[in-house]
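Below is the file entry_23.cif, which contains mmCIF, C-alpha atoms.
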```cif
data_work
#
loop_
_atom_site.group_PDB
_atom_site.id
_atom_site.type_symbol
_atom_site.label_atom_id
_atom_site.label_comp_id
_atom_site.auth_asym_id
_atom_site.auth_seq_id
_atom_site.Cartn_x
_atom_site.Cartn_y
_atom_site.Cartn_z
ATOM 1 C CA MET A 184 241.215 76.805 64.008
ATOM 2 C CA SER A 185 242.875 76.371 67.378
ATOM 3 C CA ASN A 186 241.008 75.924 70.626
ATOM 4 C CA ASP A 187 243.305 78.009 72.759
ATOM 5 C CA THR A 188 244.552 81.434 71.794
ATOM 6 C CA SER A 189 246.446 84.498 72.736
ATOM 7 C CA ARG A 190 245.126 85.851 76.043
ATOM 8 C CA PRO A 191 247.706 84.817 78.649
ATOM 9 C CA GLY A 192 246.332 82.433 81.248
ATOM 10 C CA ALA A 193 242.915 82.303 79.653
ATOM 11 C CA GLU A 194 241.755 79.194 77.923
ATOM 12 C CA GLU A 195 239.341 79.640 75.057
ATOM 13 C CA LYS A 196 237.013 77.140 73.483
ATOM 14 C CA ILE A 197 235.788 78.094 70.042
ATOM 15 C CA ILE A 198 232.720 76.809 68.264
ATOM 16 C CA GLU A 199 232.299 77.771 64.613
ATOM 17 C CA LEU A 200 228.959 77.684 62.847
ATOM 18 C CA ARG A 201 228.391 78.401 59.146
ATOM 19 C CA LEU A 202 224.747 78.947 58.233
ATOM 20 C CA PRO A 203 222.883 79.466 54.955
ATOM 21 C CA SER A 204 221.569 82.988 54.381
ATOM 22 C CA LYS A 205 217.925 82.062 54.699
ATOM 23 C CA LEU A 206 215.578 83.542 57.243
ATOM 24 C CA GLY A 207 214.733 80.951 59.861
ATOM 25 C CA TYR A 208 218.267 79.638 60.268
ATOM 26 C CA GLU A 209 218.908 82.178 62.991
ATOM 27 C CA ARG A 210 217.134 79.577 65.162
ATOM 28 C CA VAL A 211 220.130 77.271 64.740
ATOM 29 C CA ALA A 212 222.468 79.985 66.012
ATOM 30 C CA MET A 213 220.109 80.736 68.914
ATOM 31 C CA ASP A 214 219.925 77.101 70.022
ATOM 32 C CA THR A 215 223.677 76.565 69.641
ATOM 33 C CA ALA A 216 224.555 79.663 71.659
ATOM 34 C CA SER A 217 221.929 78.809 74.264
ATOM 35 C CA SER A 218 223.330 75.302 74.685
ATOM 36 C CA LEU A 219 226.863 76.639 75.166
ATOM 37 C CA ALA A 220 225.785 79.434 77.520
ATOM 38 C CA LYS A 221 223.861 77.012 79.744
ATOM 39 C CA ARG A 222 226.894 74.740 79.843
ATOM 40 C CA MET A 223 229.012 77.742 80.917
ATOM 41 C CA GLY A 224 226.629 78.508 83.789
ATOM 42 C CA PHE A 225 224.769 81.612 82.590
ATOM 43 C CA ASP A 226 221.425 82.320 84.286
ATOM 44 C CA ASN A 227 218.263 81.693 82.294
ATOM 45 C CA ASP A 228 217.505 85.405 81.849
ATOM 46 C CA ARG A 229 220.986 86.021 80.443
ATOM 47 C CA VAL A 230 220.572 83.072 78.113
ATOM 48 C CA GLU A 231 217.299 84.579 76.863
ATOM 49 C CA SER A 232 219.031 87.933 76.307
ATOM 50 C CA LEU A 233 221.782 86.176 74.390
ATOM 51 C CA LYS A 234 219.269 84.333 72.213
ATOM 52 C CA THR A 235 217.491 87.565 71.321
ATOM 53 C CA ALA A 236 220.730 89.400 70.538
ATOM 54 C CA ILE A 237 222.169 86.627 68.374
ATOM 55 C CA SER A 238 218.847 86.267 66.577
ATOM 56 C CA GLU A 239 218.906 89.966 65.690
ATOM 57 C CA ALA A 240 222.549 89.836 64.596
ATOM 58 C CA VAL A 241 222.094 86.769 62.382
ATOM 59 C CA THR A 242 218.843 88.097 60.914
ATOM 60 C CA ASN A 243 220.629 91.361 60.029
ATOM 61 C CA ALA A 244 223.446 89.375 58.392
ATOM 62 C CA ILE A 245 220.989 87.304 56.348
ATOM 63 C CA GLU A 246 218.646 90.134 55.354
ATOM 64 C CA HIS A 247 220.992 93.067 54.939
ATOM 65 C CA GLY A 248 224.629 91.963 54.687
ATOM 66 C CA ASN A 249 223.986 88.940 52.478
ATOM 67 C CA GLN A 250 220.740 90.243 50.922
ATOM 68 C CA GLN A 251 219.124 86.791 51.510
ATOM 69 C CA ASP A 252 221.401 85.151 48.933
ATOM 70 C CA ALA A 253 221.173 81.519 50.091
ATOM 71 C CA ALA A 254 224.537 80.726 48.544
ATOM 72 C CA MET A 255 226.199 83.138 50.956
ATOM 73 C CA LYS A 256 227.070 82.055 54.460
ATOM 74 C CA VAL A 257 226.727 83.652 57.853
ATOM 75 C CA VAL A 258 229.633 82.711 60.098
ATOM 76 C CA VAL A 259 229.021 82.622 63.842
ATOM 77 C CA LEU A 260 231.988 82.192 66.192
ATOM 78 C CA LEU A 261 231.271 81.410 69.816
ATOM 79 C CA THR A 262 234.331 81.854 72.018
ATOM 80 C CA ALA A 263 233.907 80.553 75.553
ATOM 81 C CA ARG A 264 236.283 81.916 78.177
ATOM 82 C CA ASP A 265 236.244 81.330 81.921
ATOM 83 C CA ASP A 266 234.498 84.639 82.568
ATOM 84 C CA GLU A 267 232.733 85.573 79.336
ATOM 85 C CA LEU A 268 231.228 84.423 76.082
ATOM 86 C CA ILE A 269 232.193 86.277 72.906
ATOM 87 C CA ILE A 270 229.894 86.005 69.912
ATOM 88 C CA SER A 271 231.001 87.120 66.485
ATOM 89 C CA VAL A 272 228.534 87.201 63.585
ATOM 90 C CA ALA A 273 229.944 87.915 60.114
ATOM 91 C CA ASP A 274 228.312 88.119 56.702
ATOM 92 C CA GLN A 275 229.891 88.256 53.247
ATOM 93 C CA GLY A 276 229.127 91.905 52.743
ATOM 94 C CA ARG A 277 226.990 92.085 49.633
ATOM 95 C CA LYS A 278 225.727 95.263 51.268
ATOM 96 C CA GLN A 279 227.864 97.250 53.673
ATOM 97 C CA LEU A 280 226.239 98.308 56.900
ATOM 98 C CA ASP A 281 225.667 102.050 57.158
ATOM 99 C CA ALA A 282 227.848 103.229 60.056
ATOM 100 C CA ASP A 283 225.103 105.588 61.147
ATOM 101 C CA CYS A 284 222.685 102.757 61.844
ATOM 102 C CA THR A 285 225.081 101.165 64.349
ATOM 103 C CA THR A 286 224.898 104.198 66.632
ATOM 104 C CA ARG A 287 221.404 105.573 66.045
ATOM 105 C CA ASN A 288 218.907 105.364 68.894
ATOM 106 C CA PRO A 289 215.396 104.779 67.565
ATOM 107 C CA HIS A 290 212.456 106.452 69.312
ATOM 108 C CA ILE A 291 209.223 104.678 70.064
ATOM 109 C CA GLU A 292 207.255 107.850 69.282
ATOM 110 C CA ASP A 293 208.615 107.790 65.727
ATOM 111 C CA ALA A 294 207.742 104.124 65.348
ATOM 112 C CA MET A 295 204.150 104.898 66.326
ATOM 113 C CA VAL A 296 203.722 107.269 63.389
ATOM 114 C CA ASN A 297 206.094 105.837 60.776
ATOM 115 C CA ALA A 298 205.044 102.998 58.502
ATOM 116 C CA ASP A 299 208.455 101.319 58.931
ATOM 117 C CA LYS A 300 208.524 99.700 62.366
ATOM 118 C CA GLY A 301 211.990 98.198 61.873
ATOM 119 C CA GLY A 302 215.388 99.429 62.941
ATOM 120 C CA TRP A 303 215.329 98.174 66.502
ATOM 121 C CA GLY A 304 217.692 95.212 66.119
ATOM 122 C CA ILE A 305 220.992 96.967 66.762
ATOM 123 C CA TRP A 306 219.508 98.967 69.614
ATOM 124 C CA LEU A 307 218.267 95.708 71.161
ATOM 125 C CA ILE A 308 221.689 94.103 70.781
ATOM 126 C CA ARG A 309 223.295 97.077 72.533
ATOM 127 C CA GLU A 310 220.752 96.903 75.338
ATOM 128 C CA LEU A 311 221.121 93.163 75.898
ATOM 129 C CA MET A 312 224.872 92.572 75.575
ATOM 130 C CA ASP A 313 227.654 93.835 77.850
ATOM 131 C CA GLU A 314 229.943 94.878 74.978
ATOM 132 C CA VAL A 315 229.123 95.433 71.295
ATOM 133 C CA GLU A 316 231.446 96.397 68.454
ATOM 134 C CA PHE A 317 230.791 96.693 64.718
ATOM 135 C CA THR A 318 233.774 96.008 62.472
ATOM 136 C CA THR A 319 234.687 94.626 59.062
ATOM 137 C CA ALA A 320 235.217 90.879 58.886
ATOM 138 C CA PRO A 321 238.441 89.450 57.399
ATOM 139 C CA SER A 322 236.284 88.381 54.436
ATOM 140 C CA GLY A 323 235.325 92.021 53.881
ATOM 141 C CA GLY A 324 231.796 91.598 55.168
ATOM 142 C CA ASN A 325 230.077 93.166 58.123
ATOM 143 C CA GLN A 326 230.908 91.793 61.543
ATOM 144 C CA VAL A 327 229.405 92.355 64.951
ATOM 145 C CA ARG A 328 231.274 91.260 68.060
ATOM 146 C CA MET A 329 229.198 90.864 71.204
ATOM 147 C CA VAL A 330 230.389 89.979 74.696
ATOM 148 C CA ILE A 331 228.353 88.737 77.617
ATOM 149 C CA HIS A 332 230.070 88.495 80.992
ATOM 150 C CA LEU A 333 229.651 85.564 83.305
ATOM 151 C CA GLU A 334 229.089 86.815 86.833
ATOM 152 C CA GLN A 335 230.715 84.458 89.315
ATOM 153 C CA MET B 2 226.375 57.021 48.759
ATOM 154 C CA ILE B 3 227.210 60.605 49.765
ATOM 155 C CA SER B 4 226.329 63.060 47.067
ATOM 156 C CA THR B 5 224.626 66.401 47.283
ATOM 157 C CA SER B 6 222.745 68.367 44.661
ATOM 158 C CA GLU B 7 222.738 72.044 43.803
ATOM 159 C CA HIS B 8 219.430 72.308 45.663
ATOM 160 C CA THR B 9 221.063 71.347 48.925
ATOM 161 C CA THR B 10 220.879 73.500 52.024
ATOM 162 C CA SER B 11 224.013 73.095 54.112
ATOM 163 C CA MET B 12 225.306 73.977 57.536
ATOM 164 C CA GLU B 13 228.708 73.384 59.108
ATOM 165 C CA LEU B 14 229.738 73.268 62.736
ATOM 166 C CA SER B 15 233.101 72.625 64.336
ATOM 167 C CA PHE B 16 233.958 72.328 68.001
ATOM 168 C CA PRO B 17 236.828 71.354 70.324
ATOM 169 C CA SER B 18 237.346 67.629 70.643
ATOM 170 C CA GLU B 19 236.312 67.413 74.300
ATOM 171 C CA LEU B 20 233.636 65.304 75.892
ATOM 172 C CA GLY B 21 230.621 67.473 76.651
ATOM 173 C CA PHE B 22 230.737 69.500 73.434
ATOM 174 C CA GLU B 23 228.712 66.777 71.709
ATOM 175 C CA VAL B 24 225.722 68.246 73.571
ATOM 176 C CA ILE B 25 226.170 71.555 71.773
ATOM 177 C CA ALA B 26 226.512 69.799 68.414
ATOM 178 C CA ARG B 27 223.363 67.843 69.207
ATOM 179 C CA ASP B 28 221.372 71.010 69.949
ATOM 180 C CA ALA B 29 222.677 72.803 66.838
ATOM 181 C CA VAL B 30 221.885 69.935 64.482
ATOM 182 C CA ALA B 31 218.488 69.326 66.111
ATOM 183 C CA ALA B 32 217.572 72.954 65.378
ATOM 184 C CA PHE B 33 218.669 72.501 61.754
ATOM 185 C CA ALA B 34 216.694 69.244 61.439
ATOM 186 C CA ARG B 35 213.559 70.846 62.880
ATOM 187 C CA ARG B 36 213.977 73.661 60.391
ATOM 188 C CA MET B 37 214.129 71.021 57.648
ATOM 189 C CA GLY B 38 210.828 69.581 58.849
ATOM 190 C CA LEU B 39 212.094 66.314 60.313
ATOM 191 C CA ALA B 40 209.449 64.765 62.598
ATOM 192 C CA ALA B 41 209.934 65.310 66.328
ATOM 193 C CA ASP B 42 210.577 61.629 67.117
ATOM 194 C CA ARG B 43 213.146 61.417 64.343
ATOM 195 C CA VAL B 44 214.855 64.524 65.683
ATOM 196 C CA GLU B 45 215.211 62.703 69.014
ATOM 197 C CA ASP B 46 216.694 59.695 67.200
ATOM 198 C CA LEU B 47 219.087 61.993 65.376
ATOM 199 C CA LYS B 48 220.177 63.657 68.633
ATOM 200 C CA THR B 49 221.093 60.316 70.180
ATOM 201 C CA ALA B 50 222.806 58.972 67.046
ATOM 202 C CA LEU B 51 224.750 62.196 66.549
ATOM 203 C CA SER B 52 225.885 62.249 70.174
ATOM 204 C CA GLU B 53 227.243 58.722 69.772
ATOM 205 C CA ALA B 54 229.034 59.614 66.547
ATOM 206 C CA CYS B 55 230.567 62.742 68.097
ATOM 207 C CA ILE B 56 231.727 60.845 71.196
ATOM 208 C CA ASN B 57 233.354 58.252 68.931
ATOM 209 C CA ALA B 58 235.093 61.049 67.030
ATOM 210 C CA ILE B 59 236.337 62.648 70.258
ATOM 211 C CA GLU B 60 237.386 59.460 72.051
ATOM 212 C CA HIS B 61 238.603 57.307 69.181
ATOM 213 C CA GLY B 62 239.231 59.280 65.978
ATOM 214 C CA ASN B 63 240.860 62.168 67.827
ATOM 215 C CA SER B 64 242.058 60.016 70.759
ATOM 216 C CA LEU B 65 240.996 62.730 73.265
ATOM 217 C CA SER B 66 243.976 64.720 72.023
ATOM 218 C CA PRO B 67 244.025 68.404 73.084
ATOM 219 C CA GLY B 68 243.860 70.856 70.205
ATOM 220 C CA THR B 69 241.979 68.567 67.847
ATOM 221 C CA ARG B 70 238.521 69.396 66.535
ATOM 222 C CA VAL B 71 235.395 67.658 65.325
ATOM 223 C CA ALA B 72 233.417 68.952 62.346
ATOM 224 C CA VAL B 73 229.755 68.249 61.680
ATOM 225 C CA VAL B 74 228.417 68.993 58.211
ATOM 226 C CA CYS B 75 224.684 68.840 57.461
ATOM 227 C CA HIS B 76 223.206 68.694 53.962
ATOM 228 C CA CYS B 77 219.513 68.660 53.232
ATOM 229 C CA ASP B 78 217.862 68.240 49.846
ATOM 230 C CA ALA B 79 214.356 67.236 48.806
ATOM 231 C CA GLU B 80 214.965 63.600 49.640
ATOM 232 C CA ARG B 81 216.989 63.427 52.810
ATOM 233 C CA LEU B 82 218.969 65.016 55.573
ATOM 234 C CA LEU B 83 222.576 63.868 55.647
ATOM 235 C CA VAL B 84 224.801 64.546 58.656
ATOM 236 C CA GLU B 85 228.549 63.881 58.445
ATOM 237 C CA VAL B 86 230.810 63.738 61.492
ATOM 238 C CA HIS B 87 234.495 64.274 60.724
ATOM 239 C CA ASP B 88 237.453 63.744 63.045
ATOM 240 C CA GLN B 89 241.142 64.339 62.374
ATOM 241 C CA GLY B 90 242.013 60.668 62.133
ATOM 242 C CA LEU B 91 244.640 60.270 64.840
ATOM 243 C CA GLN B 92 243.231 56.768 65.059
ATOM 244 C CA SER B 93 241.706 55.151 61.973
ATOM 245 C CA TYR B 94 238.461 53.270 62.274
ATOM 246 C CA THR B 95 238.688 49.570 61.499
ATOM 247 C CA PRO B 96 235.407 47.674 61.124
ATOM 248 C CA LYS B 97 235.347 44.688 63.462
ATOM 249 C CA GLY B 98 232.593 42.585 61.927
ATOM 250 C CA ASP B 99 229.187 42.121 63.486
ATOM 251 C CA PRO B 100 229.022 43.622 66.975
ATOM 252 C CA LEU B 101 227.906 41.489 69.910
ATOM 253 C CA SER B 102 224.213 41.636 70.735
ATOM 254 C CA ILE B 103 223.045 43.299 73.940
ATOM 255 C CA SER B 104 222.121 39.883 75.412
ATOM 256 C CA ASP B 105 225.625 38.569 74.636
ATOM 257 C CA LYS B 106 227.115 41.611 76.348
ATOM 258 C CA LEU B 107 224.862 41.124 79.361
ATOM 259 C CA ALA B 108 225.971 37.491 79.433
ATOM 260 C CA GLY B 109 229.539 38.688 79.872
ATOM 261 C CA LEU B 110 230.742 37.752 76.399
ATOM 262 C CA GLY B 111 232.117 41.229 75.806
ATOM 263 C CA PRO B 112 232.476 44.694 77.320
ATOM 264 C CA LEU B 113 229.270 46.585 78.120
ATOM 265 C CA ARG B 114 230.523 49.588 76.188
ATOM 266 C CA GLY B 115 230.899 49.661 72.427
ATOM 267 C CA MET B 116 227.239 49.836 71.477
ATOM 268 C CA GLY B 117 227.461 53.235 69.819
ATOM 269 C CA LEU B 118 227.598 51.997 66.244
ATOM 270 C CA MET B 119 224.748 49.572 66.903
ATOM 271 C CA LEU B 120 222.674 52.454 68.284
ATOM 272 C CA ILE B 121 223.529 54.635 65.308
ATOM 273 C CA ALA B 122 222.423 51.912 62.889
ATOM 274 C CA GLN B 123 219.145 51.475 64.773
ATOM 275 C CA LEU B 124 218.358 55.188 65.011
ATOM 276 C CA THR B 125 219.067 56.261 61.435
ATOM 277 C CA ASP B 126 217.516 55.407 58.068
ATOM 278 C CA GLU B 127 220.997 54.822 56.688
ATOM 279 C CA SER B 128 224.435 55.243 58.164
ATOM 280 C CA GLY B 129 227.968 54.429 57.195
ATOM 281 C CA TYR B 130 231.656 55.128 57.351
ATOM 282 C CA ARG B 131 234.194 56.394 54.880
ATOM 283 C CA SER B 132 237.853 57.135 55.258
ATOM 284 C CA ASP B 133 238.915 60.610 54.196
ATOM 285 C CA GLY B 134 242.516 59.409 54.096
ATOM 286 C CA GLU B 135 244.896 61.611 56.013
ATOM 287 C CA ALA B 136 242.066 64.060 56.682
ATOM 288 C CA GLY B 137 240.469 61.574 59.067
ATOM 289 C CA ASN B 138 237.383 59.447 59.535
ATOM 290 C CA CYS B 139 233.848 60.322 58.504
ATOM 291 C CA PHE B 140 230.712 58.699 59.876
ATOM 292 C CA TRP B 141 227.495 59.718 58.156
ATOM 293 C CA LEU B 142 223.865 59.530 59.250
ATOM 294 C CA ALA B 143 220.936 59.865 56.839
ATOM 295 C CA TYR B 144 217.215 60.496 57.369
ATOM 296 C CA PHE B 145 214.721 60.387 54.524
ATOM 297 C CA ARG B 146 212.238 63.222 54.374
ATOM 298 C CA GLN B 147 208.532 62.417 54.106
ATOM 299 C CA PRO B 148 206.572 63.766 52.441
ATOM 300 C CA VAL B 149 209.158 64.663 49.839
ATOM 301 C CA VAL B 150 209.164 68.451 49.613
ATOM 302 C CA GLY B 151 211.791 71.038 48.856
ATOM 303 C CA CYS B 152 213.864 72.582 51.590
ATOM 304 C CA ARG B 153 212.396 75.747 52.941
#
```

What would you get if you wrote out this structure as C-alpha cells?
Amino acid sequence: MSNDTSRPGAEEKIIELRLPSKLGYERVAMDTASSLAKRMGFDNDRVESLKTAISEAVTNAIEHGNQQDAAMKVVVLLTARDDELIISVADQGRKQLDADCTTRNPHIEDAMVNADKGGWGIWLIRELMDEVEFTTAPSGGNQVRMVIHLEQ
Amino acid sequence: MISTSEHTTSMELSFPSELGFEVIARDAVAAFARRMGLAADRVEDLKTALSEACINAIEHGNSLSPGTRVAVVCHCDAERLLVEVHDQGLQSYTPKGDPLSISDKLAGLGPLRGMGLMLIAQLTDESGYRSDGEAGNCFWLAYFRQPVVGCR
C-alpha cells in the first residue's frame, strides 16, 4: 500500500489495521484512531466523537457483517490528509447489510416500548461524523466510509 | 522460536515509515495487549520496547526512505503475546556483538545513542531478530502470560 495517492497536491498517510472479529477488539481501533487524530490536531471533543463512531462501525462489522466469526477480519483504514481524516471499516460480508438500516432514523419513543433497544449505531455514526457512506468493499463485504474534517 | 498455534488471536498494523508514527503503533498494540490481559506495568514495558523497535525499523531497516512502510503483527495464544516488527530491508541488520554498557557510553567509549536493542532486551521476556530475506528484517518481542489462560 502506498502512502501517497491520487488527490493532486494532497499528501495522504495511510494506517491499516486488521482486527479479529471478536467483540472487545473495537477498543484497539478506537485507541489507534484516537492516537492518530490527536497527532493531527483534532480537539478532544472531536476525538471522542471519532472514538464513538469507529466503535459503532467496528462493532457492527464484528457482530453483523462477520457474524462474530473470529477467523474473519475487520479491516480499518485510517487515511490522514492535511484537512481531514477518512476512516474506512470493512468486514468480509458473511451477512450483507440491509440497505434500509443505513438510512432509517430510529425514534426514542419506539425504543421506550420495544424490547429491542438496539439499532442506534448507524444513526450515531451519521450524527457524529461529517460525511458517511455505505458501500461494498473490494472483498465483497460491507464497508462504511466516514470522514471527519479538521477545522483550521 | 516464532510459531503460532491455531488458538492464536492475531492483529496486524501497518503504517508509513516516518518518525512519529511509532506512537500510533504503540497505542494500537498497547490496546491489544490490555485486551489480552497483560499487566499494566508490562504494557508500559511493551510500549517502550515497541517504540524502539519501530524507530529502528524506520531509521535503519527502511533508511528513512519515503514510501516505505513498517508492519507490526501481534499474535497471542495461551502462553504468550508475540509482537513482530517488520521493515522492508533497505538496510540489513548485522549483529555487532555485545553492546557497550551505559557506564562505558557515559565514559565516552562510544556514542550515547544505540541503546535501543539493550532496552528492548531489558523490557521484554524474550526478544530476537530474524532475517526475512528480501522481504526485510524482523525484530520480535515476547511477553509470557500469567496466569496461563486462554485468549478472550

As a check of understanding, name the residues that the PyMOL selection byres ((chain B) within 6 of (chain A)) selects in the supplied structure, as a PDB file with C-alpha atoms, in the coordinates of the input.
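Just written: expr_29.pdb:
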```
ATOM      1  CA  MET B  12     225.306  73.977  57.536  1.00  0.00           C
ATOM      2  CA  GLU B  13     228.708  73.384  59.108  1.00  0.00           C
ATOM      3  CA  LEU B  14     229.738  73.268  62.736  1.00  0.00           C
ATOM      4  CA  SER B  15     233.101  72.625  64.336  1.00  0.00           C
ATOM      5  CA  PHE B  16     233.958  72.328  68.001  1.00  0.00           C
ATOM      6  CA  ILE B  25     226.170  71.555  71.773  1.00  0.00           C
ATOM      7  CA  ALA B  29     222.677  72.803  66.838  1.00  0.00           C
ATOM      8  CA  ALA B  32     217.572  72.954  65.378  1.00  0.00           C
ATOM      9  CA  PHE B  33     218.669  72.501  61.754  1.00  0.00           C
ATOM     10  CA  GLY B  68     243.860  70.856  70.205  1.00  0.00           C
TER      11      GLY B  68
END
```

message: To one decimal place in Å, what is the distance between CA of Glu310 in chain A and CA of Ala244 in chain A?
response: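 We find that CA of Glu310 in chain A and CA of Ala244 in chain A lie 18.7 Å from each other.
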
Pick from B:His76, B:Arg131, B:Arg81, B:Arg70, whichever lies nearest to Thr95 in chain B using all atoms listed in the file: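 Of B:His76, B:Arg131, B:Arg81, B:Arg70, the one nearest Thr95 in chain B, counting all atoms listed in the file, is B:Arg131.
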
All residues 10 Å or closer to Arg287 in chain A, all atoms listed in the file, same chain fewer than 5 positions away omitted, as a list in words: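 Those residues are Ala282, Gly302, Trp303, Ile305 and Trp306 of chain A.
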
- request: Please determine the residues with any atom at most 10 Å from (228.6, 61.5, 65.0) (coordinates as given in the file, with all atoms listed in the file counting) and report them as a PyMOL selection string.
  value: chain B and resi 23+26-27+47-59+71-73+84-88+117-118+121+139-142

Coordinates-based distance that separates CA of Glu314 in chain A from CA of Val330 in chain A (Å, one decimal):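 Straight-line distance from CA of Val330 in chain A to CA of Glu314 in chain A works out to 4.9 Å.
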
field: Atom-to-atom span, CA of Thr125 in chain B and CA of Val74 in chain B, Å
entry: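 Straight-line distance from CA of Thr125 in chain B to CA of Val74 in chain B works out to 16.1 Å.
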
message: When the PyMOL selection byres ((chain B and resi 39) around 12) is applied to the structure above, which residues does it catch, written out as a ChimeraX atom specification?
response: /B:30-38,40-48,77,79-83,143-150,152-153

field: Which of B:Ser132, B:Ser102, B:Gln123, B:Ser18 sits closest to His61 in chain B [using only C-alpha atoms]
entry: B:Ser18

- request: Let me know the residues the PyMOL selection byres ((chain A and resi 249) around 8) catches in the file above, as a PyMOL selection string.
  value: chain A and resi 204+244-248+250-252+255-256+274-278

Residue neighbourhood Thr285 in chain A, 12 Å, all atoms listed in the file, exclusion window fewer than 6 positions, as a short mmCIF file (atom, residue, chain, number, x, y, z; two decimals) with C-alpha atoms, in the coordinates of the input:
```cif
data_model
loop_
_atom_site.label_atom_id
_atom_site.label_comp_id
_atom_site.auth_asym_id
_atom_site.auth_seq_id
_atom_site.Cartn_x
_atom_site.Cartn_y
_atom_site.Cartn_z
CA ALA A 240 222.55 89.84 64.60
CA ASN A 243 220.63 91.36 60.03
CA GLN A 279 227.86 97.25 53.67
CA GLY A 302 215.39 99.43 62.94
CA TRP A 303 215.33 98.17 66.50
CA GLY A 304 217.69 95.21 66.12
CA ILE A 305 220.99 96.97 66.76
CA TRP A 306 219.51 98.97 69.61
CA LEU A 307 218.27 95.71 71.16
CA ILE A 308 221.69 94.10 70.78
CA ARG A 309 223.30 97.08 72.53
CA VAL A 315 229.12 95.43 71.30
CA GLU A 316 231.45 96.40 68.45
CA PHE A 317 230.79 96.69 64.72
CA THR A 318 233.77 96.01 62.47
CA ASN A 325 230.08 93.17 58.12
CA GLN A 326 230.91 91.79 61.54
CA VAL A 327 229.40 92.36 64.95
#
```

Fill-in result for range 321-326 of chain A, all heavy atoms as a compact mmCIF listing (two decimals), in the coordinates of the input:
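Listing of out.txt after writing:
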```
# COMPACT_ATOMS: atom_id res chain seq x y z
N PRO A 321 237.29 89.72 58.29
CA PRO A 321 238.44 89.45 57.40
C PRO A 321 238.00 89.19 55.95
O PRO A 321 238.73 89.51 55.01
CB PRO A 321 239.06 88.19 58.01
CG PRO A 321 238.66 88.24 59.46
CD PRO A 321 237.30 88.88 59.48
N SER A 322 236.80 88.66 55.79
CA SER A 322 236.28 88.38 54.44
C SER A 322 235.84 89.66 53.72
O SER A 322 235.52 89.63 52.53
CB SER A 322 235.09 87.45 54.55
OG SER A 322 234.06 88.08 55.31
N GLY A 323 235.79 90.77 54.46
CA GLY A 323 235.32 92.02 53.88
C GLY A 323 233.87 92.32 54.20
O GLY A 323 233.37 93.40 53.88
N GLY A 324 233.20 91.40 54.82
CA GLY A 324 231.80 91.60 55.17
C GLY A 324 231.63 92.37 56.46
O GLY A 324 232.60 92.83 57.07
N ASN A 325 230.38 92.51 56.85
CA ASN A 325 230.08 93.17 58.12
C ASN A 325 230.27 92.17 59.26
O ASN A 325 230.00 90.98 59.11
CB ASN A 325 228.62 93.64 58.13
CG ASN A 325 228.29 94.48 56.93
OD1 ASN A 325 228.75 95.61 56.81
ND2 ASN A 325 227.48 93.93 56.02
N GLN A 326 230.71 92.67 60.39
CA GLN A 326 230.91 91.79 61.54
C GLN A 326 230.47 92.51 62.81
O GLN A 326 230.79 93.68 63.01
CB GLN A 326 232.38 91.41 61.66
CG GLN A 326 232.71 90.51 62.84
CD GLN A 326 234.14 89.98 62.73
OE1 GLN A 326 234.39 88.90 62.22
NE2 GLN A 326 235.09 90.76 63.21
```
